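Data first, discussion second: the structure below is written as structure tokens.
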Amino acid sequence: MNDIKNDPIIREMTEEIVKLCSPFQVFLVSHKTNSKGELTSFKVCAVVDDSYTDHVQLESEILLKTDCPVPCDIIVYNITDWNECLDDDCTFAARIDNEGVILYEQKQQSQH
């Protein structure tokens with residue numbers, strides 16, 4: 001799955017997310033390809049500052065302001081919720097942290 005992070009569609013979407021909300025991290029959660037190996041859909045997760053209180057609104061805003069040529073889903077966590085979820089191995093956030101591919105990470109953000 002590491003090669004997929006170099007896909008131009010995923011790279012561009014990651015750059016757009018970074019411009020829109022300056023996330024601490026962006027993960028590739030999952031992706032699907034067709035029989036030719038071409039990307040057909042993907043899901044990303046952005047971990048953002050606590051100042052973003054309405055996750056659903058930010059998810060919608062990102063999807064509206066970006067022009068992705070394939071179906072894309074985004075999940076947003078603020079950093080406090082993210083860190084709380086990482087303490088529980090059963091949460092989706094913990095699974096993303098363990099199995100997702102980091103597409104972007106702020107340089108000054110320390111690893112947990």
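Starting from 1 in every chain, residues are counted up; chains themselves are A, B, ... following the order of the structure tokens, and ligands are numbered from 1 as listed.
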Item to complete: Just the residues within 8 Å of segment 22-31 of chain A, please, counting only C-alpha atoms, with nothing from its chain fewer than 3 positions along; format it as a list in words.
Response: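 Residues near the query, excluding close chain neighbours: Lys5, Thr14, Ile17, Val18, Lys19, Leu39, Thr40, Ser41, Phe42, Lys43, Val44, Cys45, Ala46, Val47, Val48, Asp49, Ile79, Ile96, Asp97, Glu99, Gly100, Val101, Ile102, Leu103, Tyr104, Glu105, Gln106 and Gln109 of chain A.
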Item to complete: Would you kindly return, as JSON, numbers by chain, each protein, DNA or RNA residue with an atom no farther than 12 Å from any atom of Gln57 of chain A, considering only C-alpha atoms and excluding same-chain residues fewer than 5 positions away?
Response: {"A": [52, 62, 63, 64, 74, 75, 76, 77]}
So which bits of segment 20-107 of chain A end up alpha helix (DSSP H) when you DSSP the backbone, as a PDB file with N, CA and C atoms, in the first residue's frame?
```pdb
ATOM      1  N   LEU A  20      -6.292  23.542   3.071  1.00  0.00           N
ATOM      2  CA  LEU A  20      -7.584  23.927   3.645  1.00  0.00           C
ATOM      3  C   LEU A  20      -7.603  23.972   5.175  1.00  0.00           C
ATOM      4  N   CYS A  21      -6.928  23.019   5.828  1.00  0.00           N
ATOM      5  CA  CYS A  21      -7.095  22.957   7.292  1.00  0.00           C
ATOM      6  C   CYS A  21      -5.808  22.704   8.071  1.00  0.00           C
ATOM      7  N   HIS A  55     -16.673  18.492  13.010  1.00  0.00           N
ATOM      8  CA  HIS A  55     -15.993  17.574  12.093  1.00  0.00           C
ATOM      9  C   HIS A  55     -16.772  17.392  10.793  1.00  0.00           C
ATOM     10  N   VAL A  56     -18.092  17.243  10.930  1.00  0.00           N
ATOM     11  CA  VAL A  56     -18.928  16.996   9.752  1.00  0.00           C
ATOM     12  C   VAL A  56     -18.863  18.184   8.789  1.00  0.00           C
ATOM     13  N   GLN A  57     -18.910  19.384   9.350  1.00  0.00           N
ATOM     14  CA  GLN A  57     -18.832  20.575   8.504  1.00  0.00           C
ATOM     15  C   GLN A  57     -17.489  20.633   7.781  1.00  0.00           C
ATOM     16  N   LEU A  58     -16.398  20.343   8.480  1.00  0.00           N
ATOM     17  CA  LEU A  58     -15.076  20.380   7.855  1.00  0.00           C
ATOM     18  C   LEU A  58     -14.952  19.288   6.794  1.00  0.00           C
ATOM     19  N   GLU A  59     -15.464  18.101   7.078  1.00  0.00           N
ATOM     20  CA  GLU A  59     -15.448  17.019   6.080  1.00  0.00           C
ATOM     21  C   GLU A  59     -16.179  17.464   4.817  1.00  0.00           C
ATOM     22  N   SER A  60     -17.356  18.065   4.991  1.00  0.00           N
ATOM     23  CA  SER A  60     -18.141  18.537   3.842  1.00  0.00           C
ATOM     24  C   SER A  60     -17.408  19.640   3.098  1.00  0.00           C
ATOM     25  N   GLU A  61     -16.832  20.569   3.849  1.00  0.00           N
ATOM     26  CA  GLU A  61     -16.109  21.688   3.236  1.00  0.00           C
ATOM     27  C   GLU A  61     -14.945  21.177   2.384  1.00  0.00           C
ATOM     28  N   ILE A  62     -14.200  20.215   2.906  1.00  0.00           N
ATOM     29  CA  ILE A  62     -13.071  19.662   2.153  1.00  0.00           C
ATOM     30  C   ILE A  62     -13.569  19.010   0.859  1.00  0.00           C
ATOM     31  N   LEU A  63     -14.633  18.215   0.974  1.00  0.00           N
ATOM     32  CA  LEU A  63     -15.154  17.540  -0.217  1.00  0.00           C
ATOM     33  C   LEU A  63     -15.710  18.539  -1.230  1.00  0.00           C
ATOM     34  N   LEU A  64     -16.316  19.622  -0.762  1.00  0.00           N
ATOM     35  CA  LEU A  64     -16.861  20.631  -1.677  1.00  0.00           C
ATOM     36  C   LEU A  64     -15.766  21.460  -2.350  1.00  0.00           C
ATOM     37  N   LYS A  65     -14.684  21.725  -1.622  1.00  0.00           N
ATOM     38  CA  LYS A  65     -13.639  22.617  -2.142  1.00  0.00           C
ATOM     39  C   LYS A  65     -12.540  21.886  -2.916  1.00  0.00           C
ATOM     40  N   ILE A  79      -7.419  16.866  17.360  1.00  0.00           N
ATOM     41  CA  ILE A  79      -6.260  16.224  17.992  1.00  0.00           C
ATOM     42  C   ILE A  79      -6.597  15.641  19.365  1.00  0.00           C
ATOM     43  N   THR A  80      -7.467  16.299  20.127  1.00  0.00           N
ATOM     44  CA  THR A  80      -7.832  15.786  21.451  1.00  0.00           C
ATOM     45  C   THR A  80      -8.585  14.471  21.329  1.00  0.00           C
ATOM     46  N   ASP A  81      -9.601  14.444  20.451  1.00  0.00           N
ATOM     47  CA  ASP A  81     -10.360  13.197  20.244  1.00  0.00           C
ATOM     48  C   ASP A  81      -9.453  12.090  19.717  1.00  0.00           C
ATOM     49  N   TRP A  82      -8.573  12.440  18.785  1.00  0.00           N
ATOM     50  CA  TRP A  82      -7.654  11.475  18.188  1.00  0.00           C
ATOM     51  C   TRP A  82      -6.794  10.822  19.269  1.00  0.00           C
ATOM     52  N   ASN A  83      -6.184  11.653  20.098  1.00  0.00           N
ATOM     53  CA  ASN A  83      -5.300  11.118  21.138  1.00  0.00           C
ATOM     54  C   ASN A  83      -6.064  10.272  22.151  1.00  0.00           C
ATOM     55  N   GLU A  84      -7.299  10.676  22.478  1.00  0.00           N
ATOM     56  CA  GLU A  84      -8.119   9.858  23.384  1.00  0.00           C
ATOM     57  C   GLU A  84      -8.441   8.508  22.751  1.00  0.00           C
ATOM     58  N   CYS A  85      -8.755   8.520  21.470  1.00  0.00           N
ATOM     59  CA  CYS A  85      -9.096   7.277  20.773  1.00  0.00           C
ATOM     60  C   CYS A  85      -7.892   6.340  20.654  1.00  0.00           C
ATOM     61  N   LEU A  86      -6.697   6.898  20.562  1.00  0.00           N
ATOM     62  CA  LEU A  86      -5.503   6.059  20.415  1.00  0.00           C
ATOM     63  C   LEU A  86      -5.246   5.218  21.657  1.00  0.00           C
ATOM     64  N   PHE A  92     -11.619   3.096  15.773  1.00  0.00           N
ATOM     65  CA  PHE A  92     -11.245   3.240  14.368  1.00  0.00           C
ATOM     66  C   PHE A  92      -9.951   4.051  14.259  1.00  0.00           C
ATOM     67  N   ALA A  93      -9.806   5.080  15.096  1.00  0.00           N
ATOM     68  CA  ALA A  93      -8.590   5.906  15.069  1.00  0.00           C
ATOM     69  C   ALA A  93      -7.344   5.067  15.355  1.00  0.00           C
ATOM     70  N   ALA A  94      -7.434   4.170  16.325  1.00  0.00           N
ATOM     71  CA  ALA A  94      -6.279   3.316  16.642  1.00  0.00           C
ATOM     72  C   ALA A  94      -5.949   2.414  15.456  1.00  0.00           C
ATOM     73  N   ARG A  95      -6.987   1.917  14.779  1.00  0.00           N
ATOM     74  CA  ARG A  95      -6.757   1.077  13.606  1.00  0.00           C
ATOM     75  C   ARG A  95      -6.090   1.884  12.484  1.00  0.00           C
ATOM     76  N   ILE A  96      -6.567   3.112  12.281  1.00  0.00           N
ATOM     77  CA  ILE A  96      -5.958   3.975  11.262  1.00  0.00           C
ATOM     78  C   ILE A  96      -4.502   4.239  11.614  1.00  0.00           C
ATOM     79  N   ASP A  97      -4.231   4.533  12.881  1.00  0.00           N
ATOM     80  CA  ASP A  97      -2.866   4.835  13.319  1.00  0.00           C
ATOM     81  C   ASP A  97      -1.938   3.638  13.095  1.00  0.00           C
ATOM     82  N   ASN A  98      -2.468   2.441  13.305  1.00  0.00           N
ATOM     83  CA  ASN A  98      -1.647   1.233  13.151  1.00  0.00           C
ATOM     84  C   ASN A  98      -1.531   0.758  11.707  1.00  0.00           C
ATOM     85  N   GLU A  99      -2.628   0.873  10.946  1.00  0.00           N
ATOM     86  CA  GLU A  99      -2.662   0.265   9.620  1.00  0.00           C
ATOM     87  C   GLU A  99      -2.651   1.265   8.466  1.00  0.00           C
TER      88      GLU A  99
END
```
Worksheet item: Got a sec: who's within 12 Å of Gly37 of chain A, counting only C-alpha atoms, leaving out chain neighbours fewer than 5 positions off, as a list in words?
Response: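 Those residues are Met1, Asp3, Ile4, Asp7, His31 and Lys32 of chain A.
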Fill in: Separation of atom CA of Thr91 of chain A from atom CA of Val70 of chain A in Å
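Computed distance, atom CA of Val70 of chain A to atom CA of Thr91 of chain A, equals 27.2 Å.
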Discussion item. Just to confirm, what's the straight-line distance from atom CA of Pro8 of chain A to atom CA of Asp73 of chain A in Å (one decimal)?
Written reply: 16.5 Å
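Taking atom CA of Asp87 of chain A as the reference point, atom CA of Thr53 of chain A is found at 20.8 Å.
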